[in-house]
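Asker: Got a file for you: protein-v9.cif, mmCIF, N, CA and C atoms.
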data_upload
loop_
_atom_site.label_atom_id
_atom_site.label_comp_id
_atom_site.auth_asym_id
_atom_site.auth_seq_id
_atom_site.Cartn_x
_atom_site.Cartn_y
_atom_site.Cartn_z
N MET A 275 27.41 -10.36 4.74
CA MET A 275 27.06 -9.00 4.44
C MET A 275 27.55 -8.12 5.59
N ASP A 276 28.31 -7.10 5.25
CA ASP A 276 28.76 -6.14 6.24
C ASP A 276 27.77 -4.98 6.29
N THR A 277 27.42 -4.57 7.49
CA THR A 277 26.52 -3.43 7.67
C THR A 277 27.04 -2.57 8.82
N ILE A 278 26.48 -1.40 8.94
CA ILE A 278 26.84 -0.50 10.03
C ILE A 278 25.68 -0.47 11.01
N TRP A 279 25.97 -0.60 12.27
CA TRP A 279 25.07 -0.44 13.41
C TRP A 279 24.14 -1.62 13.60
N LEU A 280 23.36 -2.00 12.59
CA LEU A 280 22.42 -3.12 12.69
C LEU A 280 22.84 -4.23 11.73
N SER A 281 22.29 -5.42 11.93
CA SER A 281 22.55 -6.51 10.99
C SER A 281 21.72 -6.29 9.72
N GLY A 282 22.01 -7.02 8.67
CA GLY A 282 21.25 -6.91 7.44
C GLY A 282 19.78 -7.22 7.65
N ALA A 283 19.49 -8.25 8.45
CA ALA A 283 18.09 -8.60 8.74
C ALA A 283 17.39 -7.49 9.51
N GLU A 284 18.12 -6.84 10.41
CA GLU A 284 17.52 -5.73 11.16
C GLU A 284 17.25 -4.53 10.26
N TRP A 285 18.16 -4.26 9.31
CA TRP A 285 17.91 -3.15 8.38
C TRP A 285 16.70 -3.45 7.50
N LEU A 286 16.53 -4.71 7.11
CA LEU A 286 15.33 -5.08 6.34
C LEU A 286 14.07 -4.90 7.18
N ALA A 287 14.17 -5.19 8.47
CA ALA A 287 13.02 -4.97 9.36
C ALA A 287 12.72 -3.47 9.47
N VAL A 288 13.76 -2.64 9.55
CA VAL A 288 13.56 -1.19 9.59
C VAL A 288 12.84 -0.74 8.31
N LEU A 289 13.27 -1.25 7.17
CA LEU A 289 12.64 -0.91 5.90
C LEU A 289 11.17 -1.34 5.89
N ARG A 290 10.89 -2.56 6.37
CA ARG A 290 9.52 -3.08 6.44
C ARG A 290 8.65 -2.22 7.35
N ILE A 291 9.18 -1.88 8.51
CA ILE A 291 8.43 -1.05 9.46
C ILE A 291 8.19 0.34 8.88
N GLY A 292 9.19 0.90 8.22
CA GLY A 292 9.03 2.20 7.57
C GLY A 292 7.94 2.17 6.51
N LEU A 293 7.91 1.11 5.72
CA LEU A 293 6.85 0.96 4.72
C LEU A 293 5.49 0.85 5.40
N GLY A 294 5.44 0.12 6.50
CA GLY A 294 4.19 0.02 7.26
C GLY A 294 3.74 1.37 7.79
N LEU A 295 4.68 2.17 8.27
CA LEU A 295 4.34 3.51 8.74
C LEU A 295 3.82 4.39 7.59
N TRP A 296 4.36 4.20 6.40
CA TRP A 296 3.92 4.94 5.22
C TRP A 296 2.47 4.57 4.90
N TRP A 297 2.15 3.25 4.93
CA TRP A 297 0.77 2.82 4.70
C TRP A 297 -0.16 3.34 5.79
N LEU A 298 0.30 3.30 7.02
CA LEU A 298 -0.52 3.79 8.14
C LEU A 298 -0.80 5.28 7.97
N GLU A 299 0.18 6.03 7.53
CA GLU A 299 -0.03 7.46 7.28
C GLU A 299 -1.00 7.68 6.12
N SER A 300 -0.94 6.84 5.10
CA SER A 300 -1.91 6.93 4.00
C SER A 300 -3.33 6.77 4.52
N TRP A 301 -3.51 5.88 5.46
CA TRP A 301 -4.84 5.68 6.07
C TRP A 301 -5.19 6.85 7.00
N ARG A 302 -4.23 7.25 7.83
CA ARG A 302 -4.49 8.27 8.85
C ARG A 302 -4.88 9.62 8.25
N HIS A 303 -4.22 10.01 7.18
CA HIS A 303 -4.48 11.35 6.66
C HIS A 303 -5.74 11.44 5.79
N LYS A 304 -6.38 10.31 5.50
CA LYS A 304 -7.62 10.36 4.73
C LYS A 304 -8.72 11.02 5.57
N ASP A 305 -9.50 11.87 4.93
CA ASP A 305 -10.69 12.43 5.57
C ASP A 305 -11.77 11.35 5.48
N LYS A 306 -11.91 10.57 6.55
CA LYS A 306 -12.82 9.42 6.52
C LYS A 306 -14.27 9.84 6.26
N LYS A 307 -14.67 10.96 6.81
CA LYS A 307 -16.04 11.43 6.58
C LYS A 307 -16.26 11.71 5.10
N ALA A 308 -15.30 12.38 4.48
CA ALA A 308 -15.41 12.67 3.05
C ALA A 308 -15.37 11.39 2.23
N TRP A 309 -14.50 10.47 2.60
CA TRP A 309 -14.37 9.21 1.86
C TRP A 309 -15.62 8.36 1.99
N PHE A 310 -16.10 8.19 3.22
CA PHE A 310 -17.18 7.23 3.46
C PHE A 310 -18.57 7.81 3.28
N GLU A 311 -18.77 9.08 3.61
CA GLU A 311 -20.10 9.66 3.51
C GLU A 311 -20.35 10.36 2.18
N ARG A 312 -19.32 11.06 1.68
CA ARG A 312 -19.50 11.81 0.43
C ARG A 312 -18.86 11.12 -0.77
N GLY A 313 -18.07 10.08 -0.52
CA GLY A 313 -17.45 9.34 -1.63
C GLY A 313 -16.39 10.10 -2.38
N SER A 314 -15.71 11.01 -1.70
CA SER A 314 -14.74 11.88 -2.36
C SER A 314 -13.56 11.13 -2.99
N GLY A 315 -13.03 10.15 -2.29
CA GLY A 315 -11.86 9.42 -2.80
C GLY A 315 -12.17 8.64 -4.07
N ILE A 316 -13.29 7.95 -4.07
CA ILE A 316 -13.67 7.15 -5.23
C ILE A 316 -14.10 8.07 -6.38
N ALA A 317 -14.75 9.18 -6.05
CA ALA A 317 -15.14 10.15 -7.09
C ALA A 317 -13.90 10.72 -7.78
N TRP A 318 -12.88 11.02 -6.98
CA TRP A 318 -11.61 11.52 -7.52
C TRP A 318 -10.99 10.47 -8.45
N ALA A 319 -10.96 9.22 -8.00
CA ALA A 319 -10.40 8.14 -8.81
C ALA A 319 -11.23 7.92 -10.07
N ALA A 320 -12.56 8.05 -9.98
CA ALA A 320 -13.44 7.88 -11.14
C ALA A 320 -13.12 8.93 -12.20
N ASP A 321 -12.86 10.15 -11.75
CA ASP A 321 -12.51 11.23 -12.68
C ASP A 321 -11.20 10.91 -13.41
N ILE A 322 -10.24 10.41 -12.66
CA ILE A 322 -8.96 10.03 -13.27
C ILE A 322 -9.15 8.87 -14.23
N ALA A 323 -9.91 7.85 -13.81
CA ALA A 323 -10.13 6.68 -14.66
C ALA A 323 -10.86 7.05 -15.95
N ALA A 324 -11.83 7.96 -15.86
CA ALA A 324 -12.61 8.36 -17.03
C ALA A 324 -11.75 9.01 -18.11
N LYS A 325 -10.67 9.66 -17.69
CA LYS A 325 -9.78 10.35 -18.64
C LYS A 325 -8.55 9.52 -19.01
N HIS A 326 -8.47 8.30 -18.49
CA HIS A 326 -7.27 7.48 -18.66
C HIS A 326 -7.06 7.11 -20.12
N ARG A 327 -5.80 7.07 -20.54
CA ARG A 327 -5.48 6.76 -21.94
C ARG A 327 -5.67 5.28 -22.26
N TRP A 328 -5.67 4.42 -21.25
CA TRP A 328 -5.83 2.98 -21.51
C TRP A 328 -7.26 2.55 -21.28
N ASN A 329 -7.87 1.99 -22.29
CA ASN A 329 -9.25 1.54 -22.21
C ASN A 329 -9.44 0.50 -21.11
N ALA A 330 -8.44 -0.36 -20.91
CA ALA A 330 -8.55 -1.41 -19.88
C ALA A 330 -8.74 -0.80 -18.49
N VAL A 331 -8.10 0.32 -18.25
CA VAL A 331 -8.24 0.99 -16.95
C VAL A 331 -9.64 1.56 -16.82
N ARG A 332 -10.10 2.25 -17.85
CA ARG A 332 -11.45 2.83 -17.81
C ARG A 332 -12.51 1.73 -17.63
N SER A 333 -12.44 0.68 -18.45
CA SER A 333 -13.46 -0.37 -18.36
C SER A 333 -13.33 -1.17 -17.07
N GLY A 334 -12.11 -1.39 -16.61
CA GLY A 334 -11.91 -2.10 -15.34
C GLY A 334 -12.49 -1.33 -14.17
N PHE A 335 -12.25 -0.02 -14.15
CA PHE A 335 -12.80 0.82 -13.09
C PHE A 335 -14.32 0.80 -13.15
N ASP A 336 -14.87 0.94 -14.36
CA ASP A 336 -16.33 0.95 -14.53
C ASP A 336 -16.97 -0.37 -14.12
N THR A 337 -16.24 -1.46 -14.28
CA THR A 337 -16.77 -2.78 -13.95
C THR A 337 -16.64 -3.11 -12.46
N VAL A 338 -15.48 -2.79 -11.88
CA VAL A 338 -15.19 -3.21 -10.50
C VAL A 338 -15.54 -2.15 -9.46
N VAL A 339 -15.16 -0.93 -9.69
CA VAL A 339 -15.26 0.12 -8.66
C VAL A 339 -16.54 0.93 -8.76
N ALA A 340 -16.84 1.42 -9.95
CA ALA A 340 -17.97 2.35 -10.13
C ALA A 340 -19.31 1.82 -9.60
N PRO A 341 -19.64 0.54 -9.78
CA PRO A 341 -20.94 0.06 -9.28
C PRO A 341 -21.06 0.01 -7.76
N ARG A 342 -19.94 0.07 -7.05
CA ARG A 342 -19.95 -0.06 -5.59
C ARG A 342 -19.00 0.93 -4.95
N PRO A 343 -19.22 2.23 -5.14
CA PRO A 343 -18.26 3.23 -4.63
C PRO A 343 -18.11 3.23 -3.12
N ARG A 344 -19.20 3.06 -2.38
CA ARG A 344 -19.11 3.08 -0.92
C ARG A 344 -18.29 1.89 -0.41
N THR A 345 -18.57 0.72 -0.93
CA THR A 345 -17.82 -0.48 -0.53
C THR A 345 -16.34 -0.32 -0.87
N MET A 346 -16.05 0.18 -2.06
CA MET A 346 -14.66 0.32 -2.48
C MET A 346 -13.92 1.36 -1.65
N ALA A 347 -14.63 2.39 -1.18
CA ALA A 347 -14.00 3.38 -0.30
C ALA A 347 -13.52 2.70 0.98
N TYR A 348 -14.36 1.84 1.54
CA TYR A 348 -13.98 1.10 2.74
C TYR A 348 -12.85 0.12 2.44
N VAL A 349 -12.93 -0.56 1.31
CA VAL A 349 -11.89 -1.54 0.94
C VAL A 349 -10.54 -0.85 0.84
N VAL A 350 -10.49 0.27 0.13
CA VAL A 350 -9.21 0.97 -0.05
C VAL A 350 -8.67 1.49 1.28
N ALA A 351 -9.50 2.18 2.03
CA ALA A 351 -9.03 2.78 3.29
C ALA A 351 -8.58 1.71 4.28
N TYR A 352 -9.38 0.66 4.45
CA TYR A 352 -9.02 -0.34 5.45
C TYR A 352 -7.96 -1.31 4.96
N ALA A 353 -7.78 -1.43 3.66
CA ALA A 353 -6.63 -2.18 3.14
C ALA A 353 -5.34 -1.46 3.52
N GLU A 354 -5.33 -0.14 3.40
CA GLU A 354 -4.15 0.63 3.79
C GLU A 354 -3.87 0.49 5.29
N LEU A 355 -4.90 0.50 6.10
CA LEU A 355 -4.72 0.31 7.55
C LEU A 355 -4.17 -1.09 7.83
N ALA A 356 -4.76 -2.10 7.22
CA ALA A 356 -4.31 -3.49 7.44
C ALA A 356 -2.86 -3.68 6.99
N LEU A 357 -2.52 -3.11 5.85
CA LEU A 357 -1.13 -3.21 5.37
C LEU A 357 -0.18 -2.54 6.36
N GLY A 358 -0.54 -1.35 6.81
CA GLY A 358 0.32 -0.64 7.75
C GLY A 358 0.54 -1.42 9.03
N LEU A 359 -0.55 -1.90 9.63
CA LEU A 359 -0.41 -2.66 10.88
C LEU A 359 0.32 -3.98 10.67
N GLY A 360 0.01 -4.67 9.58
CA GLY A 360 0.68 -5.95 9.30
C GLY A 360 2.17 -5.79 9.13
N LEU A 361 2.58 -4.74 8.44
CA LEU A 361 4.02 -4.53 8.21
C LEU A 361 4.73 -4.02 9.45
N ILE A 362 4.10 -3.14 10.19
CA ILE A 362 4.73 -2.63 11.41
C ILE A 362 4.91 -3.75 12.43
N LEU A 363 3.87 -4.55 12.62
CA LEU A 363 3.93 -5.64 13.59
C LEU A 363 4.64 -6.88 13.04
N GLY A 364 4.80 -6.94 11.74
CA GLY A 364 5.40 -8.12 11.14
C GLY A 364 4.48 -9.31 11.23
N PHE A 365 3.21 -9.10 10.98
CA PHE A 365 2.22 -10.18 11.06
C PHE A 365 1.67 -10.47 9.67
N LEU A 366 1.81 -11.72 9.25
CA LEU A 366 1.45 -12.13 7.88
C LEU A 366 2.20 -11.25 6.87
N THR A 367 3.44 -11.04 7.17
CA THR A 367 4.27 -10.08 6.43
C THR A 367 4.35 -10.36 4.93
N PRO A 368 4.62 -11.60 4.49
CA PRO A 368 4.69 -11.80 3.03
C PRO A 368 3.36 -11.47 2.34
N ILE A 369 2.26 -11.77 3.00
CA ILE A 369 0.95 -11.46 2.43
C ILE A 369 0.76 -9.95 2.36
N ALA A 370 1.15 -9.25 3.42
CA ALA A 370 1.05 -7.79 3.42
C ALA A 370 1.95 -7.17 2.36
N LEU A 371 3.14 -7.71 2.19
CA LEU A 371 4.05 -7.17 1.17
C LEU A 371 3.51 -7.38 -0.24
N VAL A 372 2.97 -8.55 -0.51
CA VAL A 372 2.39 -8.81 -1.84
C VAL A 372 1.14 -7.94 -2.04
N GLY A 373 0.28 -7.87 -1.01
CA GLY A 373 -0.91 -7.03 -1.10
C GLY A 373 -0.57 -5.57 -1.33
N GLY A 374 0.43 -5.07 -0.61
CA GLY A 374 0.86 -3.69 -0.79
C GLY A 374 1.45 -3.46 -2.17
N LEU A 375 2.23 -4.42 -2.64
CA LEU A 375 2.79 -4.31 -3.99
C LEU A 375 1.68 -4.21 -5.03
N LEU A 376 0.67 -5.07 -4.91
CA LEU A 376 -0.44 -5.04 -5.86
C LEU A 376 -1.22 -3.74 -5.77
N LEU A 377 -1.46 -3.25 -4.56
CA LEU A 377 -2.18 -1.98 -4.40
C LEU A 377 -1.37 -0.82 -4.99
N ASN A 378 -0.06 -0.81 -4.75
CA ASN A 378 0.77 0.24 -5.34
C ASN A 378 0.79 0.16 -6.86
N LEU A 379 0.81 -1.05 -7.40
CA LEU A 379 0.78 -1.18 -8.86
C LEU A 379 -0.55 -0.71 -9.43
N LEU A 380 -1.65 -0.99 -8.72
CA LEU A 380 -2.95 -0.46 -9.16
C LEU A 380 -2.95 1.06 -9.13
N TYR A 381 -2.46 1.63 -8.04
CA TYR A 381 -2.38 3.09 -7.94
C TYR A 381 -1.48 3.66 -9.05
N LEU A 382 -0.36 2.98 -9.29
CA LEU A 382 0.60 3.43 -10.29
C LEU A 382 -0.04 3.46 -11.68
N VAL A 383 -0.76 2.41 -12.02
CA VAL A 383 -1.41 2.34 -13.33
C VAL A 383 -2.53 3.36 -13.44
N LEU A 384 -3.35 3.48 -12.40
CA LEU A 384 -4.46 4.44 -12.44
C LEU A 384 -3.94 5.86 -12.59
N MET A 385 -2.88 6.20 -11.87
CA MET A 385 -2.39 7.57 -11.85
C MET A 385 -1.14 7.72 -12.70
N ILE A 386 -1.16 7.13 -13.88
CA ILE A 386 0.00 7.10 -14.77
C ILE A 386 0.48 8.50 -15.16
N HIS A 387 -0.41 9.49 -15.13
CA HIS A 387 -0.05 10.85 -15.55
C HIS A 387 0.44 11.73 -14.40
N ASP A 388 0.31 11.28 -13.16
CA ASP A 388 0.65 12.10 -11.99
C ASP A 388 2.05 11.73 -11.52
N TRP A 389 3.04 12.55 -11.86
CA TRP A 389 4.43 12.22 -11.57
C TRP A 389 4.72 12.11 -10.08
N ALA A 390 4.05 12.92 -9.26
CA ALA A 390 4.27 12.84 -7.81
C ALA A 390 3.81 11.48 -7.30
N GLU A 391 2.65 11.05 -7.72
CA GLU A 391 2.14 9.74 -7.29
C GLU A 391 2.99 8.61 -7.85
N GLN A 392 3.52 8.79 -9.06
CA GLN A 392 4.36 7.75 -9.65
C GLN A 392 5.59 7.49 -8.78
N GLY A 393 6.18 8.55 -8.28
CA GLY A 393 7.36 8.38 -7.43
C GLY A 393 7.04 7.66 -6.15
N GLN A 394 5.99 8.08 -5.48
CA GLN A 394 5.60 7.44 -4.22
C GLN A 394 5.27 5.98 -4.43
N ASN A 395 4.44 5.68 -5.41
CA ASN A 395 4.01 4.30 -5.62
C ASN A 395 5.13 3.41 -6.12
N SER A 396 6.00 3.93 -6.97
CA SER A 396 7.12 3.10 -7.43
C SER A 396 8.09 2.80 -6.30
N MET A 397 8.34 3.78 -5.41
CA MET A 397 9.23 3.53 -4.28
C MET A 397 8.62 2.55 -3.28
N MET A 398 7.32 2.70 -3.01
CA MET A 398 6.66 1.77 -2.10
C MET A 398 6.65 0.36 -2.68
N ALA A 399 6.44 0.24 -4.01
CA ALA A 399 6.48 -1.07 -4.66
C ALA A 399 7.88 -1.68 -4.57
N LEU A 400 8.90 -0.86 -4.79
CA LEU A 400 10.28 -1.35 -4.69
C LEU A 400 10.59 -1.85 -3.27
N ILE A 401 10.17 -1.10 -2.27
CA ILE A 401 10.40 -1.52 -0.88
C ILE A 401 9.67 -2.84 -0.61
N SER A 402 8.48 -3.00 -1.16
CA SER A 402 7.74 -4.26 -0.99
C SER A 402 8.51 -5.43 -1.58
N VAL A 403 9.06 -5.24 -2.77
CA VAL A 403 9.83 -6.31 -3.43
C VAL A 403 11.07 -6.64 -2.60
N VAL A 404 11.81 -5.61 -2.17
CA VAL A 404 13.01 -5.85 -1.35
C VAL A 404 12.64 -6.54 -0.04
N GLY A 405 11.57 -6.08 0.61
CA GLY A 405 11.12 -6.71 1.85
C GLY A 405 10.70 -8.15 1.66
N LEU A 406 10.06 -8.44 0.53
CA LEU A 406 9.60 -9.80 0.25
C LEU A 406 10.77 -10.73 -0.02
N PHE A 407 11.63 -10.36 -0.97
CA PHE A 407 12.74 -11.23 -1.33
C PHE A 407 13.85 -11.23 -0.28
N GLY A 408 13.91 -10.17 0.54
CA GLY A 408 14.87 -10.15 1.65
C GLY A 408 14.31 -10.82 2.90
N MET A 409 13.07 -11.32 2.81
CA MET A 409 12.41 -12.01 3.93
C MET A 409 12.49 -11.15 5.20
N SER A 410 11.95 -9.94 5.10
CA SER A 410 12.07 -8.95 6.17
C SER A 410 11.31 -9.31 7.44
N TRP A 411 10.62 -10.42 7.45
CA TRP A 411 9.89 -10.86 8.65
C TRP A 411 10.76 -11.69 9.58
N GLN A 412 12.05 -11.87 9.24
CA GLN A 412 12.93 -12.71 10.05
C GLN A 412 13.34 -12.06 11.37
N THR A 413 13.16 -10.77 11.50
CA THR A 413 13.58 -10.03 12.69
C THR A 413 12.50 -9.03 13.08
N TRP A 414 12.31 -8.88 14.37
CA TRP A 414 11.38 -7.89 14.92
C TRP A 414 9.98 -8.05 14.35
N SER A 415 9.47 -9.27 14.35
CA SER A 415 8.14 -9.50 13.79
C SER A 415 7.39 -10.55 14.59
N LEU A 416 6.07 -10.43 14.56
CA LEU A 416 5.24 -11.48 15.15
C LEU A 416 5.39 -12.78 14.38
N ASP A 417 5.59 -12.70 13.06
CA ASP A 417 5.80 -13.90 12.26
C ASP A 417 6.98 -14.70 12.78
N GLU A 418 8.06 -14.01 13.09
CA GLU A 418 9.26 -14.68 13.63
C GLU A 418 8.97 -15.26 15.02
N THR A 419 8.28 -14.49 15.83
CA THR A 419 7.99 -14.92 17.21
C THR A 419 7.14 -16.19 17.24
N ILE A 420 6.14 -16.26 16.36
CA ILE A 420 5.26 -17.44 16.39
C ILE A 420 5.65 -18.51 15.36
N GLY A 421 6.74 -18.27 14.64
CA GLY A 421 7.27 -19.28 13.75
C GLY A 421 6.59 -19.38 12.39
N LEU A 422 5.94 -18.32 11.95
CA LEU A 422 5.34 -18.33 10.61
C LEU A 422 6.38 -18.02 9.56
N PHE A 423 6.27 -18.63 8.41
CA PHE A 423 7.10 -18.34 7.24
C PHE A 423 8.60 -18.55 7.52
N SER A 424 8.93 -19.55 8.34
CA SER A 424 10.34 -19.82 8.66
C SER A 424 11.04 -20.52 7.51
#
As structure tokens, what does this structure read like?
Answerer:
Amino acid sequence: MDTIWLSGAEWLAVLRIGLGLWWLESWRHKDKKAWFERGSGIAWAADIAAKHRWNAVRSGFDTVVAPRPRTMAYVVAYAELALGLGLILGFLTPIALVGGLLLNLLYLVLMIHDWAEQGQNSMMALISVVGLFGMSWQTWSLDETIGLFS
């Protein structure tokens, strides 16, 4: 593979780190007080789920998320933080890429009517797939340093 400036593996690492920074920004810009004390993030998602055209989304949200809004607020926020740090540092990278892909697909399905969110989540999911199948942990990662996933 011919590339400019960096090797192919290094460009995949840049893509992985960029995706990690995107997840970290998703965590950073959340109003944690609103999310954790007032439940704003889950309330917003509940409103979207209640109006969703697919019954599976409505019933899934009502079964999994609605009974435990405070816990789910922490799960969502800290999953984004863990994904960001894991991808930036290249630690447990394949797990972070699969986890991020699944979270983006959940967001994509929940927000099927929001075109802005569709673009962000589809691009993040695509980067996760490229990072996973391109084995983006081979360069500039703790996984490479300690010999994980060789």
Asker: Counting only N, CA and C atoms, which residues in region 335-388 of chain A sit no more than 8 Å from region 281-290 of chain A? For each one, give the nearest pair of atoms and the distance in Å, sorted by chain then residue number, as CSV.
Answerer:
residue,atom,partner,partner_atom,distance
A:Gly360,C,A:Arg290,C,7.6
A:Leu361,C,A:Arg290,C,4.8
A:Ile362,N,A:Arg290,C,5.4
A:Leu363,N,A:Arg290,C,7.5
A:Gly364,N,A:Arg290,C,7.5
Asker: Distance table requested - region 339-392 of chain A against region 300-314 of chain A, cut-off 6 Å, only N, CA and C atoms: one row per qualifying residue with the closest atom pair and its distance in Å to one decimal, ordered by chain and rising residue number, as JSON lines.
Answerer:
{"residue": "A:Ala347", "atom": "CA", "partner": "A:Trp309", "partner_atom": "C", "distance": 5.7}
{"residue": "A:Ala351", "atom": "C", "partner": "A:Trp301", "partner_atom": "CA", "distance": 5.7}
{"residue": "A:Glu354", "atom": "C", "partner": "A:Trp301", "partner_atom": "CA", "distance": 5.3}
{"residue": "A:Leu355", "atom": "N", "partner": "A:Trp301", "partner_atom": "CA", "distance": 5.2}
Asker: Output N, CA and C atoms of each residue in that selection to a file, as a PDB file, in the coordinates of the input.
Answerer:
ATOM      1  N   ALA A 347     -14.630   2.390  -1.180  1.00  0.00           N
ATOM      2  CA  ALA A 347     -14.000   3.380  -0.300  1.00  0.00           C
ATOM      3  C   ALA A 347     -13.520   2.700   0.980  1.00  0.00           C
ATOM      4  N   ALA A 351      -9.500   2.180   2.030  1.00  0.00           N
ATOM      5  CA  ALA A 351      -9.030   2.780   3.290  1.00  0.00           C
ATOM      6  C   ALA A 351      -8.580   1.710   4.280  1.00  0.00           C
ATOM      7  N   GLU A 354      -5.330  -0.140   3.400  1.00  0.00           N
ATOM      8  CA  GLU A 354      -4.150   0.630   3.790  1.00  0.00           C
ATOM      9  C   GLU A 354      -3.870   0.490   5.290  1.00  0.00           C
ATOM     10  N   LEU A 355      -4.900   0.500   6.100  1.00  0.00           N
ATOM     11  CA  LEU A 355      -4.720   0.310   7.550  1.00  0.00           C
ATOM     12  C   LEU A 355      -4.170  -1.090   7.830  1.00  0.00           C
TER      13      LEU A 355
END
Asker: Mind the document's chain letters and residue numbers, and return as a PyMOL selection string the residues of chain A that DSSP labels helix (DSSP H, G or I).
Answerer: chain A and resi 282-302+306-312+314-324+329-338+343-363+367-384+389-407+410-412+416-420
Asker: Any chance you could work out the residue set of the PyMOL selection byres ((chain A and resi 374) around 8) here, as a compact mmCIF listing (two decimals) with N, CA and C atoms, in the coordinates of the input?
Answerer:
# COMPACT_ATOMS: atom_id res chain seq x y z
N ALA A 353 -7.78 -1.43 3.66
CA ALA A 353 -6.63 -2.18 3.14
C ALA A 353 -5.34 -1.46 3.52
N LEU A 357 -2.52 -3.11 5.85
CA LEU A 357 -1.13 -3.21 5.37
C LEU A 357 -0.18 -2.54 6.36
N PRO A 368 4.62 -11.60 4.49
CA PRO A 368 4.69 -11.80 3.03
C PRO A 368 3.36 -11.47 2.34
N ILE A 369 2.26 -11.77 3.00
CA ILE A 369 0.95 -11.46 2.43
C ILE A 369 0.76 -9.95 2.36
N ALA A 370 1.15 -9.25 3.42
CA ALA A 370 1.05 -7.79 3.42
C ALA A 370 1.95 -7.17 2.36
N LEU A 371 3.14 -7.71 2.19
CA LEU A 371 4.05 -7.17 1.17
C LEU A 371 3.51 -7.38 -0.24
N VAL A 372 2.97 -8.55 -0.51
CA VAL A 372 2.39 -8.81 -1.84
C VAL A 372 1.14 -7.94 -2.04
N GLY A 373 0.28 -7.87 -1.01
CA GLY A 373 -0.91 -7.03 -1.10
C GLY A 373 -0.57 -5.57 -1.33
N LEU A 375 2.23 -4.42 -2.64
CA LEU A 375 2.79 -4.31 -3.99
C LEU A 375 1.68 -4.21 -5.03
N LEU A 376 0.67 -5.07 -4.91
CA LEU A 376 -0.44 -5.04 -5.86
C LEU A 376 -1.22 -3.74 -5.77
N LEU A 377 -1.46 -3.25 -4.56
CA LEU A 377 -2.18 -1.98 -4.40
C LEU A 377 -1.37 -0.82 -4.99
N ASN A 378 -0.06 -0.81 -4.75
CA ASN A 378 0.77 0.24 -5.34
C ASN A 378 0.79 0.16 -6.86
N LEU A 379 0.81 -1.05 -7.40
CA LEU A 379 0.78 -1.18 -8.86
C LEU A 379 -0.55 -0.71 -9.43
N LEU A 380 -1.65 -0.99 -8.72
CA LEU A 380 -2.95 -0.46 -9.16
C LEU A 380 -2.95 1.06 -9.13
N MET A 398 7.32 2.70 -3.01
CA MET A 398 6.66 1.77 -2.10
C MET A 398 6.65 0.36 -2.68
N ALA A 399 6.44 0.24 -4.01
CA ALA A 399 6.48 -1.07 -4.66
C ALA A 399 7.88 -1.68 -4.57
N SER A 402 8.48 -3.00 -1.16
CA SER A 402 7.74 -4.26 -0.99
C SER A 402 8.51 -5.43 -1.58
N VAL A 403 9.06 -5.24 -2.77
CA VAL A 403 9.83 -6.31 -3.43
C VAL A 403 11.07 -6.64 -2.60
Asker: Tell me, in Å to one decimal, how far atom C of Gly358 (chain A) is from atom C of Trp296 (chain A).
Answerer: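 The value is 7.5 Å.
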Asker: Using Å and a single decimal, report how far CA of Leu416 (chain A) sits from atom N of Ile291 (chain A).
Answerer: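 Value for the atom N of Ile291 (chain A)-CA of Leu416 (chain A) distance: 12.3 Å.
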Asker: For atom N of Thr337 (chain A) and atom C of Ile386 (chain A), quote the distance in Å rounded to one decimal.
Answerer: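 Between these atoms lies a distance of 19.5 Å.
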Asker: Which of these, A:Ala317, A:Leu295, A:Met409, A:Ile322, has the shortest distance to Pro341 (chain A) once you count only C-alpha atoms?
Answerer: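 With only C-alpha atoms as the atom set, the closest residue is A:Ala317.
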Asker: Looking at A:Lys325, A:Ile316, A:Trp411, A:Glu391, which one is nearest to Arg344 (chain A), with distances taken over only C-alpha atoms?
Answerer: A:Ile316
Asker: Using all atoms listed in the file, which of A:Thr413, A:Thr367, A:Ala320, A:Leu359 sits nearest Val339 (chain A)?
Answerer: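 Closest residue, counting all atoms listed in the file: A:Ala320.
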